[in-house]
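Step one of this worksheet: look at the structure below.
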Amino acid sequence: MKKIALIGFGASAIGFLKGFEEFGLNKIYSVDVYEKGEDIGRTGFGGLKYDGKLFISKGMGGDLEIPLSVQRRVVEFYLLKSGLAKTDNKGIVVFSENLERGASFENEELYKKFYHAGFEPIRSHFYHLGTDLLTETVQKIYEDYITIDNVNFHFGEEVIQIIPQESKVVVVTKNGEGVYDKVIVAVGRRGHKLVNDMVKNHPELILSNDKVDLGIRFELPDHVVAELNKEMYEFKIRLRSKTGYIVRTFCNNPSGKVTIEKYDDFVTVNGHANSNQKTSNTNFAILVTHSFTQPFNDPVGYGSYISKLSNILAGGDKVILQCYEDFKNSKRTKKLGRVEPTLDSSYYILGDLNLALPRRTIESIIDFLERLEEVIPGITYPDNLLYGAEVKFYTNKINNGFFENIKIIGDCSGWTRSITYATAHGYMLAKSMSEMN
Ligand SMILES: Cc1cc2nc3c(=O)[nH]c(=O)nc-3n(C[C@H](O)[C@H](O)[C@H](O)COP(=O)(O)OP(=O)(O)OC[C@H]3O[C@@H](n4cnc5c(N)ncnc54)[C@H](O)[C@@H]3O)c2cc1C
C-alpha cells in the first residue's frame, strides 16, 4: 500500500478526505494526517472556527474553476453535519428553518440600484453556520473520518520541513520523520512558513505574488442596513474608485461582533456573528487592493508593516477606532457618538487611522463610502465606526504541476480564499488522483 502524508486538518484536508473515501482511494493508499493543533478542538484558525459562512459563487472565494454543482455539494456536506439540513426520504437536502441563508443580488431592482451607482454587484448564495455551531460540526466530521480505513490522525505534530527526493518525499516533524509516496500540503494561510521554505529552494513553484488588500472594518447600527441584511445577509460589491484602486466589501456580519485577529507580531481586525447572541450592529470590511510591480516583491511585508504601525499608534496589541467624520477630516476621534463598539474596549484605542493608512487607501475608502451613500442612506453617518487596520494577505500562487508527488491545496496554494473553495480544492485533488489510478 502506498503512503500519503496530509499536512494540516482544515477545510482543504476535509475536502480531500471526503474524496479519498468517496473515490475508494483508501484501497490504494494509507494517509497520515499531521495536524499541529493539540486536538481536534485546537485545529486551525479561520472560517471553520469563526463565523462559518459558506458561499456558492463564481465571483469570489478563489481563483479556481470549481463547478457550481461541486460547490453546492460541499456546502450541503457541512450543513448536514451541522444539523442545519437533513436529507428527506427522496434523498433531497432540506434546510432547517433556523438556517440563516440568502442570495446576493437575485433581486434585480437592488442589482440595478448598485450597478447604476457605479458598483459591480457580485452574485452569490451563502449559508451561515455561526461560530457556536462550528466546533461540533468539525468534531462530527472528524469522528466520521477516524472510521475510514487507513486514515491515521497525528495531533500536536507540526511539520517543519518537506524534503523532495527522487521518487519519495520526506516529512520532518519535531518528533521525527517519515517517508511518503505523496505529500499533500494543506496548512492554510497561517502555515505559510512551510510553503515559503519550499519556495526558497524551488522559486519556480511560484506563479505570481504581487497583491495585498488593506483597509478597515466598518461598523454601524443594524437598522441602517436592515433591508440589505434581510434581502442578502452578505452584500458583496466592488468599485473602481477615483484613485484607480479596486475597493470591495468583505465578510458582512449582521448583528455581529468586531474581533481581533492575532498574528505572531501584530494584530488586525476582523468580524464574525453567532447564530444566537446577536448584537444590534452590523460590521463588514472595506478593502482596497494594492498591486505592486517589480522590483518590489514583498506585499506581505507591506501589509504587516501597516498593521504594526496601527498597533504602535494604539500603544501595543490594539487597533485604532475612529468615527467616520473624523476619518474624513483627518482628526483624531476623542469621543464616540451613538454607535456602541462591539469590540471589547481593551482591544482598541480612539485615534486617527490617517496616521497609519496610506493616502490612496484612505481616499479610496472615502470615495467608496460616499458613493455607497447614494444607495444606502445613512452609511456615512458621522458617528459610524472604522477599525483599522484590516489586512488580507494573498499567498503566492503555486504551480502545482512542478512536483509530481507534492501537491499544495487550499489557501496556502494561493488559489483559494474560502471554506467552499478550499474544501472543493481538496475534493477535486482526490478525484483527479482516483482518475489517474
Ligand atoms: C478569522 C477568519 C474568519 C474566516 N471566515 C470565513 C468564513 O466565514 N467563510 C469562509 O468561506 N472563509 C472564511 N475564512 C477563510 C477560511 O477559513 C479559509 O479560506 C479556509 O479555512 C482555508 O482552508 P485551508 O484548508 O487552506 O486552511 P485551514 O482551514 O486554515 O487549515 C490549515 C490547518 O493546517 C494546520 N497547520 C498549519 N501549519 C501546519 C504545520 N506546519 N504542520 C501541521 N499542521 C499545520 C493548522 O493548524 C490548520 O488546522 C476566514 C478566515 C479567517 C482567518
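Chain lettering (A, B, ...) mirrors the order of the C-alpha cells, residue numbering begins at 1 for each chain separately, and ligand numbering begins at 1 in order of display.
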Open item on the list: Please extract the residues of stretch 137-341 of chain A with a backbone DSSP assignment of strand (DSSP E or B) and present them as a ChimeraX atom specification.
Closed with: /A:151-155,159-164,169-173,176-180,182-185,206-208,211-221,237-240,246-253,257-262,267-272,281-291,319-323
Open item on the list: Can you tell me which residues surround A:Asn405 at a distance of at most 8 Å, considering only C-alpha atoms, apart from same-chain residues fewer than 2 positions away, and format the answer as JSON, numbers by chain?
Closed with: {"A": [167, 168, 169, 181, 182, 183, 403, 407]}
Selection to disk with N, CA and C atoms, as a short mmCIF file (atom, residue, chain, number, x, y, z; two decimals), in the first residue's frame:
```
data_model
loop_
_atom_site.label_atom_id
_atom_site.label_comp_id
_atom_site.auth_asym_id
_atom_site.auth_seq_id
_atom_site.Cartn_x
_atom_site.Cartn_y
_atom_site.Cartn_z
N SER A 167 11.92 9.65 -5.84
CA SER A 167 10.52 9.25 -6.07
C SER A 167 9.72 9.27 -4.78
N LYS A 168 10.34 9.68 -3.70
CA LYS A 168 9.68 9.73 -2.39
C LYS A 168 9.78 11.14 -1.83
N VAL A 169 9.06 11.38 -0.71
CA VAL A 169 9.15 12.69 -0.04
C VAL A 169 9.32 12.44 1.45
N ASP A 181 5.07 8.36 -0.35
CA ASP A 181 4.99 8.35 -1.82
C ASP A 181 4.42 9.68 -2.32
N LYS A 182 3.52 10.27 -1.51
CA LYS A 182 2.87 11.52 -1.90
C LYS A 182 2.70 12.40 -0.67
N VAL A 183 2.86 13.71 -0.84
CA VAL A 183 2.60 14.62 0.27
C VAL A 183 1.58 15.67 -0.19
N PHE A 403 5.90 19.69 -8.88
CA PHE A 403 6.29 18.41 -8.29
C PHE A 403 5.25 17.36 -8.64
N LYS A 407 1.59 17.99 -3.62
CA LYS A 407 0.51 18.86 -4.09
C LYS A 407 0.16 19.83 -2.95
#
```
Please tabulate, as JSON lines, the residues of stretch 152-222 of chain A that come within 10 Å of stretch 34-46 of chain A, each with its closest pair of atoms and the distance in Å to one decimal, counting only C-alpha atoms and ordering rows by chain, then residue number upward.
```
{"residue": "A:Asn152", "atom": "CA", "partner": "A:Tyr34", "partner_atom": "CA", "distance": 8.8}
{"residue": "A:Phe153", "atom": "CA", "partner": "A:Tyr34", "partner_atom": "CA", "distance": 6.4}
{"residue": "A:His154", "atom": "CA", "partner": "A:Tyr34", "partner_atom": "CA", "distance": 5.0}
{"residue": "A:Phe155", "atom": "CA", "partner": "A:Glu35", "partner_atom": "CA", "distance": 4.9}
{"residue": "A:Gly156", "atom": "CA", "partner": "A:Glu38", "partner_atom": "CA", "distance": 4.1}
{"residue": "A:Glu157", "atom": "CA", "partner": "A:Lys36", "partner_atom": "CA", "distance": 4.7}
{"residue": "A:Glu158", "atom": "CA", "partner": "A:Lys36", "partner_atom": "CA", "distance": 4.2}
{"residue": "A:Val159", "atom": "CA", "partner": "A:Tyr34", "partner_atom": "CA", "distance": 7.1}
{"residue": "A:Val171", "atom": "CA", "partner": "A:Tyr34", "partner_atom": "CA", "distance": 9.8}
{"residue": "A:Thr173", "atom": "CA", "partner": "A:Tyr34", "partner_atom": "CA", "distance": 8.8}
{"residue": "A:Val185", "atom": "CA", "partner": "A:Tyr34", "partner_atom": "CA", "distance": 9.9}
{"residue": "A:Ala186", "atom": "CA", "partner": "A:Glu35", "partner_atom": "CA", "distance": 9.7}
{"residue": "A:Val187", "atom": "CA", "partner": "A:Gly44", "partner_atom": "CA", "distance": 8.4}
{"residue": "A:Gly188", "atom": "CA", "partner": "A:Gly44", "partner_atom": "CA", "distance": 7.9}
{"residue": "A:Arg189", "atom": "CA", "partner": "A:Phe45", "partner_atom": "CA", "distance": 9.2}
{"residue": "A:Arg190", "atom": "CA", "partner": "A:Phe45", "partner_atom": "CA", "distance": 7.9}
{"residue": "A:Gly191", "atom": "CA", "partner": "A:Gly44", "partner_atom": "CA", "distance": 9.2}
```
Open item on the list: Quick one: residues within 8 Å of stretch 89-99 of chain A, only C-alpha atoms, excluding same-chain residues fewer than 6 positions away - as a ChimeraX atom specification?
Closed with: /A:76,83,127-129
TODO: Identify, on the basis of only C-alpha atoms, every residue whose closest approach to A:Cys251 does not exceed 12 Å; exclude the query and any residue fewer than 4 positions from it along the same chain; express the result as number ranges by chain.
DONE: A: 47, 50-55, 60-61, 126, 128, 216-219, 233-237, 256-258, 269-273, 282-287, 390, 392, 417-418
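For the residues A:Lys27, A:His116, A:His223, A:Lys86, ranking by smallest atom-to-atom distance to A:Asp149 using only C-alpha atoms places A:Lys27 first.
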Task: 6 Å contact set for A:Asn396, only C-alpha atoms, chain neighbours under 4 positions out, as a PyMOL selection string - done: chain A and resi 208-209+414
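Proximity of A:Ile408, A:Leu369, A:Ala430, A:Ile320 to ligand 1, computed with only C-alpha atoms and all ligand atoms, is greatest for A:Ile408.
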Open item on the list: So that I can check the secondary structure, give me every residue of stretch 253-318 of chain A assigned helix (DSSP H, G or I) by backbone DSSP, as a PyMOL selection string.
Closed with: chain A and resi 299-313
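What separates atom CA of A:Asp32 from atom CA of A:Ser434 is a distance of 18.1 Å.
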- [ ] Would you please work out which residue, of A:Lys3, A:Lys262, A:Arg360, A:Lys331, is nearest to ligand 1 when using only C-alpha atoms and all ligand atoms?
- [x] A:Lys262
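Remark: for A:Gly59, the closest of the candidate residues A:Leu336, A:Ile122, A:Val319, A:Val33 is A:Ile122 (distances computed over only C-alpha atoms).
Closest approach to ligand 1 among A:Val267, A:Met232, A:Leu239, A:Ile406: A:Val267, based on only C-alpha atoms and all ligand atoms.
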Task: Nearest to ligand 1, chosen from A:Val212, A:Val391, A:Val70, A:Leu228, with only C-alpha atoms and all ligand atoms counted in the distances - done: A:Val391
- [ ] Quick one: pull the distance between atom 43 (C, counted along the ligand's line) of ligand 1 and atom CA of A:Gly24, Å, one decimal.
- [x] 24.8 Å
